[in-house]
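Trainee: Here you go, this is structure_3.txt (compact mmCIF, C-alpha atoms).
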```
# COMPACT_ATOMS: atom_id res chain seq x y z
CA MET A 1 69.65 63.43 130.77
CA ALA A 2 72.94 64.57 129.40
CA VAL A 3 74.60 67.87 128.69
CA TYR A 4 76.58 67.89 125.45
CA GLU A 5 79.24 70.50 124.83
CA CYS A 6 79.51 71.80 121.26
CA ASN A 7 81.86 74.13 119.48
CA GLU A 8 80.55 77.04 117.39
CA GLN A 9 80.34 75.09 114.16
CA GLN A 10 78.63 72.10 115.75
CA PHE A 11 76.13 74.26 117.63
CA ILE A 12 75.03 76.26 114.58
CA GLU A 13 74.95 73.22 112.31
CA ASN A 14 72.96 71.20 114.87
CA ILE A 15 70.31 73.92 114.91
CA ALA A 16 70.29 74.08 111.11
CA ARG A 17 69.82 70.28 110.96
CA LEU A 18 66.95 70.41 113.44
CA LEU A 19 65.21 73.08 111.39
CA ARG A 20 65.69 71.12 108.16
CA SER A 21 64.38 67.94 109.76
CA ASN A 22 61.14 69.67 110.83
CA VAL A 23 61.40 68.19 114.36
CA SER A 24 59.75 71.39 115.49
CA GLU A 25 58.74 74.62 113.80
CA LYS A 26 60.46 76.74 116.41
CA ILE A 27 63.50 76.13 118.55
CA ILE A 28 64.13 77.89 121.81
CA VAL A 29 67.73 78.77 122.55
CA ASN A 30 68.78 80.17 125.91
CA ARG A 31 71.55 82.71 126.12
CA LYS A 32 73.40 83.62 129.27
CA VAL A 33 75.89 86.49 129.29
CA MET A 34 77.84 87.08 132.47
CA LEU A 35 80.66 89.47 133.27
CA TYR A 36 83.61 87.87 135.07
CA ASP A 37 86.77 89.27 136.54
CA ASP A 38 87.91 86.18 138.40
CA HIS A 39 91.64 86.11 137.50
CA ARG A 40 91.05 83.36 134.94
CA TYR A 41 92.95 85.25 132.25
CA GLY A 42 96.29 86.90 132.88
CA LEU A 43 99.06 88.28 130.71
CA SER A 44 101.37 85.26 130.89
CA ILE A 45 98.97 82.86 129.17
CA LEU A 46 98.05 85.18 126.30
CA PRO A 47 99.34 84.17 122.86
CA GLU A 48 101.99 86.54 121.50
CA GLN A 49 99.51 88.16 119.08
CA GLU A 50 97.33 89.23 122.02
CA PHE A 51 100.16 90.00 124.45
CA ILE A 52 101.67 92.49 122.01
CA LYS A 53 98.76 94.85 122.74
CA TYR A 54 100.13 95.20 126.27
CA SER A 55 103.80 95.32 125.28
CA SER A 56 104.23 99.08 125.83
CA ILE A 57 103.69 98.61 129.56
CA CYS A 58 104.92 95.10 130.31
CA GLU A 59 107.29 92.39 129.16
CA ARG A 60 107.85 88.66 129.36
CA LYS A 61 110.37 86.19 127.96
CA GLY A 62 107.76 83.96 126.39
CA LEU A 63 104.43 82.25 126.78
CA LYS A 64 103.73 81.10 130.36
CA LYS A 65 106.76 83.04 131.65
CA SER A 66 106.52 85.72 134.35
CA VAL A 67 105.27 89.13 133.26
CA TYR A 68 106.71 92.33 134.71
CA ALA A 69 105.67 95.97 134.37
CA LYS A 70 108.10 97.84 132.11
CA VAL A 71 106.95 101.25 133.26
CA PRO A 72 104.72 102.52 136.05
CA PHE A 73 101.07 102.45 134.96
CA ILE A 74 97.53 102.69 136.20
CA ASP A 75 95.03 99.94 135.50
CA GLU A 76 91.98 102.12 135.06
CA PHE A 77 89.48 99.25 135.12
CA HIS A 78 90.54 98.07 138.59
CA ASN A 79 91.74 101.51 139.68
CA LYS A 80 95.12 100.06 140.61
CA PHE A 81 98.66 101.39 140.33
CA TYR A 82 101.58 99.18 139.27
CA ASP A 83 105.18 100.27 139.62
CA ALA A 84 107.97 99.47 137.13
CA ASN A 85 109.37 95.93 137.54
CA GLU A 86 106.36 94.87 139.57
CA ILE A 87 105.26 91.33 138.78
CA LEU A 88 101.91 91.18 136.99
CA HIS A 89 101.64 87.44 136.44
CA SER A 90 104.02 84.94 137.96
CA ALA A 91 105.06 81.82 136.07
CA SER A 92 104.93 79.94 139.37
CA ASN A 93 101.32 80.96 139.96
CA LEU A 94 99.68 80.97 136.54
CA SER A 95 96.22 80.37 137.95
CA MET A 96 96.28 83.63 139.93
CA PRO A 97 97.44 86.60 137.86
CA ARG A 98 97.78 89.90 139.72
CA LEU A 99 96.47 91.82 136.74
CA SER A 100 93.27 90.10 135.72
CA ILE A 101 91.67 90.52 132.30
CA PRO A 102 87.89 90.77 132.60
CA TYR A 103 85.67 88.93 130.14
CA TYR A 104 82.10 88.11 129.20
CA ARG A 105 81.19 84.44 129.34
CA VAL A 106 78.52 83.72 126.76
CA GLU A 107 76.61 80.47 126.93
CA TYR A 108 74.14 79.38 124.26
CA SER A 109 72.08 76.25 124.85
CA PHE A 110 69.01 74.39 123.72
CA SER A 111 67.29 71.26 124.91
CA LEU A 112 66.03 68.38 122.87
CA TRP A 113 64.27 65.35 124.31
CA GLY A 114 65.72 66.05 127.73
CA ASN A 115 69.31 66.53 126.61
CA SER A 116 71.02 69.91 126.57
CA TYR A 117 73.44 71.11 123.91
CA ILE A 118 75.73 73.92 124.98
CA TYR A 119 78.22 76.22 123.32
CA THR A 120 80.26 78.47 125.61
CA PHE A 121 82.84 81.11 124.81
CA ASP A 122 84.62 83.92 126.63
CA VAL A 123 85.10 87.34 125.07
CA LEU A 124 88.05 89.22 126.55
CA PHE A 125 87.98 92.94 127.21
CA GLU A 126 90.11 94.84 124.72
CA PRO A 127 93.10 96.81 126.09
CA SER A 128 93.99 100.33 125.09
CA ILE A 129 96.99 102.19 126.46
CA ARG A 130 97.50 105.92 126.53
CA ILE A 131 99.54 108.44 128.46
CA GLY A 132 97.62 110.77 130.71
CA LYS A 133 97.96 112.95 133.75
CA ARG A 134 97.01 111.17 136.96
CA ARG A 135 97.59 111.54 140.66
CA ILE A 136 99.25 108.39 141.93
CA PRO A 137 99.01 107.04 145.49
CA THR A 138 101.27 108.94 147.91
CA LYS A 139 102.83 105.83 149.46
CA VAL A 140 104.14 104.63 146.09
CA ASN A 141 104.89 108.05 144.67
CA LYS A 142 108.67 108.06 144.64
CA TYR A 143 108.80 110.07 141.45
CA ARG A 144 107.34 113.38 142.54
CA ASN A 145 106.23 115.30 145.53
CA LYS A 146 102.94 114.18 146.97
CA ASP A 147 99.69 115.65 145.77
CA THR A 148 101.00 116.38 142.31
CA SER A 149 99.79 114.79 139.15
CA MET A 150 102.20 113.21 136.72
CA LEU A 151 102.16 111.84 133.22
CA ILE A 152 101.76 108.10 133.39
CA HIS A 153 100.71 105.18 131.21
CA ILE A 154 97.04 104.30 131.64
CA LEU A 155 95.68 100.89 130.76
CA SER A 156 91.98 100.78 129.92
CA LEU A 157 90.15 97.50 129.47
CA ASN A 158 87.20 98.15 127.19
CA GLN A 159 84.15 95.98 127.01
CA PRO A 160 83.51 94.27 123.69
CA ASN A 161 80.71 95.38 121.39
CA GLU A 162 77.45 93.58 122.11
CA ARG A 163 77.22 92.35 118.51
CA ILE A 164 80.37 90.27 118.89
CA LEU A 165 78.72 88.37 121.77
CA GLU A 166 75.86 87.33 119.49
CA ILE A 167 75.41 84.27 117.34
CA LYS A 168 73.05 85.03 114.52
CA LEU A 169 70.40 82.36 114.21
CA PRO A 170 67.49 82.02 111.76
CA LYS A 171 64.11 83.53 112.55
CA GLU A 172 62.68 80.11 113.45
CA VAL A 173 64.95 80.21 116.51
CA ILE A 174 63.75 82.17 119.52
CA VAL A 175 66.61 83.35 121.70
CA LEU A 176 65.73 83.86 125.35
CA ASP A 177 68.10 85.66 127.68
CA VAL A 178 68.49 83.92 131.02
CA LYS A 179 70.40 84.65 134.19
CA ARG A 180 71.22 81.19 135.38
CA MET A 181 70.83 77.67 134.15
CA LEU A 182 69.95 75.04 136.70
CA ARG A 183 71.00 71.72 135.31
CA VAL A 184 68.84 68.80 136.33
CA VAL A 185 71.04 65.71 136.33
CA GLY A 186 68.56 63.10 137.51
CA SER A 187 64.79 62.91 138.07
CA ASN A 188 65.36 62.81 141.87
CA ASP A 189 66.64 66.35 141.70
CA TYR A 190 63.21 67.79 140.99
CA MET B 1 57.63 94.70 104.38
CA TYR B 2 59.91 92.35 102.49
CA ILE B 3 61.61 89.91 104.81
CA MET B 4 64.72 88.23 103.48
CA ASN B 5 64.97 84.53 104.06
CA LEU B 6 68.22 84.33 105.97
CA ARG B 7 69.70 81.09 107.16
CA SER B 8 72.68 80.04 109.23
CA LYS B 9 75.64 77.98 108.20
CA SER B 10 78.93 77.33 109.96
CA ILE B 11 82.01 75.76 108.44
CA ALA B 12 85.63 75.18 109.39
CA VAL B 13 87.98 75.47 106.43
CA LEU B 14 91.67 75.01 105.84
CA LEU B 15 92.08 78.28 103.99
CA PRO B 16 94.17 81.37 104.65
CA LEU B 17 92.25 84.09 106.41
CA GLU B 18 93.27 86.62 103.77
CA LYS B 19 91.48 84.67 101.05
CA ILE B 20 88.27 84.56 103.08
CA LYS B 21 88.48 88.27 103.89
CA ALA B 22 89.09 89.12 100.25
CA GLN B 23 85.99 87.20 99.19
CA LEU B 24 83.86 88.89 101.84
CA THR B 25 85.14 92.32 100.86
CA SER B 26 84.45 91.66 97.18
CA LEU B 27 80.86 90.77 98.13
CA GLY B 28 80.46 94.10 99.91
CA PHE B 29 80.87 92.93 103.49
CA ILE B 30 82.46 95.41 105.89
CA LEU B 31 84.50 94.53 108.95
CA GLU B 32 82.36 95.90 111.75
CA ASP B 33 84.11 94.68 114.86
CA GLU B 34 86.62 92.22 116.24
CA ALA B 35 87.47 90.69 119.59
CA THR B 36 89.58 88.02 121.23
CA VAL B 37 87.58 84.98 122.17
CA VAL B 38 88.49 81.91 124.19
CA SER B 39 86.67 78.74 123.31
CA ASP B 40 87.60 75.06 123.55
CA GLY B 41 90.59 76.20 125.64
CA ARG B 42 92.01 78.02 122.63
CA PHE B 43 92.37 81.70 121.79
CA TRP B 44 90.65 83.00 118.66
CA ARG B 45 90.39 86.32 116.90
CA ARG B 46 86.76 86.80 115.96
CA MET B 47 85.91 89.24 113.20
CA LEU B 48 82.41 90.33 112.43
CA PHE B 49 81.57 91.32 108.85
CA THR B 50 78.21 92.77 107.95
CA ARG B 51 76.25 93.71 104.84
CA GLY B 52 72.80 94.99 105.71
CA TYR B 53 71.01 92.25 107.64
CA GLU B 54 73.54 89.66 106.61
CA CYS B 55 76.52 88.94 108.78
CA VAL B 56 79.49 86.65 108.79
CA SER B 57 81.78 85.93 111.71
CA VAL B 58 85.24 84.62 110.99
CA SER B 59 87.22 83.16 113.88
CA GLU B 60 90.86 82.33 113.45
CA GLU B 61 92.89 80.64 116.14
CA ILE B 62 95.78 82.74 117.41
CA GLY B 63 99.02 81.47 118.84
CA ASP B 64 101.18 78.65 117.60
CA ALA B 65 98.34 76.53 116.26
CA TYR B 66 99.03 74.81 112.97
CA PRO B 67 97.28 74.19 110.66
CA LYS B 68 94.91 77.09 111.07
CA ASP B 69 91.35 76.34 110.15
CA PRO B 70 89.19 79.44 110.55
CA VAL B 71 85.57 78.88 111.55
CA ILE B 72 83.16 80.83 109.39
CA SER B 73 79.62 81.33 110.63
CA ILE B 74 77.30 82.82 108.06
CA TYR B 75 73.87 84.34 108.55
CA ALA B 76 72.79 85.31 105.08
CA THR B 77 70.61 84.52 102.09
CA GLU B 78 71.07 81.27 100.20
CA GLU B 79 72.63 83.23 97.34
CA THR B 80 75.23 84.92 99.57
CA ILE B 81 76.06 81.61 101.26
CA SER B 82 76.70 80.05 97.84
CA LYS B 83 78.93 82.95 96.80
CA ILE B 84 80.98 82.76 100.00
CA SER B 85 81.16 78.98 99.65
CA GLU B 86 82.70 79.32 96.17
CA VAL B 87 85.99 80.39 97.70
CA LEU B 88 85.82 77.75 100.38
CA GLU B 89 85.68 74.81 98.01
```
Rewrite the structure from the file as structure tokens, please.
Mentor:
Amino acid sequence: MAVYECNEQQFIENIARLLRSNVSEKIIVNRKVMLYDDHRYGLSILPEQEFIKYSSICERKGLKKSVYAKVPFIDEFHNKFYDANEILHSASNLSMPRLSIPYYRVEYSFSLWGNSYIYTFDVLFEPSIRIGKRRIPTKVNKYRNKDTSMLIHILSLNQPNERILEIKLPKEVIVLDVKRMLRVVGSNDY
Amino acid sequence: MYIMNLRSKSIAVLLPLEKIKAQLTSLGFILEDEATVVSDGRFWRRMLFTRGYECVSVSEEIGDAYPKDPVISIYATEETISKISEVLE
């Protein structure tokens, strides 16, 4: 039994071919959607086109270079305060960004004659930055007296629309939502 | 109730994104949503266009990738697929 990884085009076209070949009238496709915030994606590894969305609060010299906060800001998703010049993603530790971008991992799969065909993709949360009044932690509040609110940049990480997580498949395909996929590698594993 | 016969098709084409978007807009598709997607270790901008029950997702790689070959996944009637394909040929 093998597990074959496909890209989007291959996955959709494989299903279309199966339907055309009349191997079966219906095909069952499993879909797993999981929310992750495991520091897999950080600001340093983002392409410029994506990084620019964060550019009002942080800066870097280029791709895979260290990222620093330009201004103090609050990461609303993680409820965390970052001071100006604080490092957000170090070039020497790319695998462990301090500011982690959450994402949905979407996995579509179907099985045919014991083999599994999988297409996986991650959908990043979308940033939005605004200025709002917030009370910042006393121990890092060097700007004002304690217990006062101040205007500060606020980073929100918004979850993507459910429709963007979907792959539209013909009505002959039944999509089942699953929580976990247990992959059976050999018959002894039963 | 009339049920449209919708089918799926996915293609990767070496065409500028603007040309694809223009064709979709001329067919009455509306950009409903977009998101940044990571797949195959690459970053993509995925745009979702809809027209009634029909929908088309267009994913273009972002970053320094060259040449760019957007992946177009269509879920539409045979007629719509043919019309979209006209610009892709």
Trainee: Can you tell me, as a PyMOL selection string, what residues are no more than 9 Å from B:Met4 when counting only C-alpha atoms, ignoring any on the same chain fewer than 5 positions away?
Mentor: chain B and resi 53+76-77
Trainee: Rounded to one decimal place, report the atom CA of A:Ile45-atom CA of A:Pro97 distance in Å.
Mentor: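 Computed distance, atom CA of A:Ile45 to atom CA of A:Pro97, equals 9.6 Å.
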Trainee: Taking all atoms listed in the file into account, find every residue of chain A that has an atom no more than 10 Å from chain B, and write it out as number ranges by chain.
Mentor: A: 5-16, 41, 45-50, 63, 103-105, 119-126, 159-172
Trainee: Hey, can you check how far atom CA of A:Asn115 sits from atom CA of A:Lys179?
Mentor: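 The value is 19.7 Å.
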Trainee: Taking (89.1, 67.9, 106.8) as a centre in this file's frame and 12 Å as the limit, can you find every polymer residue with an atom that close, using all atoms listed in the file, and give them as a VMD selection string?
Mentor: chain B and resid 11 to 15 67 to 69 89
Trainee: Excluding same-chain residues fewer than 5 positions from stretch 32-40 of chain A, what lies within 9 Å of it counting only C-alpha atoms, as a PyMOL selection string?
Mentor: chain A and resi 95-109+165+176-181
Trainee: Tell me, in Å to one decimal, how far atom CA of A:Leu18 is from atom CA of A:Gly114.
Mentor: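 Interatomic distance here is 15.0 Å.
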Trainee: Could you name the residues that touch stretch 21-25 of chain B at 10 Å or less, counting only C-alpha atoms, but leaving out those on the same chain fewer than 4 positions away, as a short mmCIF file (atom, residue, chain, number, x, y, z; two decimals) with C-alpha atoms, keeping the file's coordinate frame?
Mentor:
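As a result, selection_24.cif now contains:
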```cif
data_model
loop_
_atom_site.label_atom_id
_atom_site.label_comp_id
_atom_site.auth_asym_id
_atom_site.auth_seq_id
_atom_site.Cartn_x
_atom_site.Cartn_y
_atom_site.Cartn_z
CA PRO B 16 94.17 81.37 104.65
CA LEU B 17 92.25 84.09 106.41
CA PHE B 29 80.87 92.93 103.49
CA ILE B 30 82.46 95.41 105.89
CA LEU B 31 84.50 94.53 108.95
CA MET B 47 85.91 89.24 113.20
CA PHE B 49 81.57 91.32 108.85
CA THR B 50 78.21 92.77 107.95
CA ARG B 51 76.25 93.71 104.84
CA VAL B 56 79.49 86.65 108.79
CA VAL B 58 85.24 84.62 110.99
CA THR B 80 75.23 84.92 99.57
CA LYS B 83 78.93 82.95 96.80
CA ILE B 84 80.98 82.76 100.00
CA SER B 85 81.16 78.98 99.65
CA GLU B 86 82.70 79.32 96.17
CA VAL B 87 85.99 80.39 97.70
CA LEU B 88 85.82 77.75 100.38
#
```
Trainee: Would you mind listing what lies within 7 Å of A:Pro127 as a ChimeraX atom specification, with only C-alpha atoms counted and same-chain residues fewer than 4 positions away left out?
Mentor: /A:53,155-158
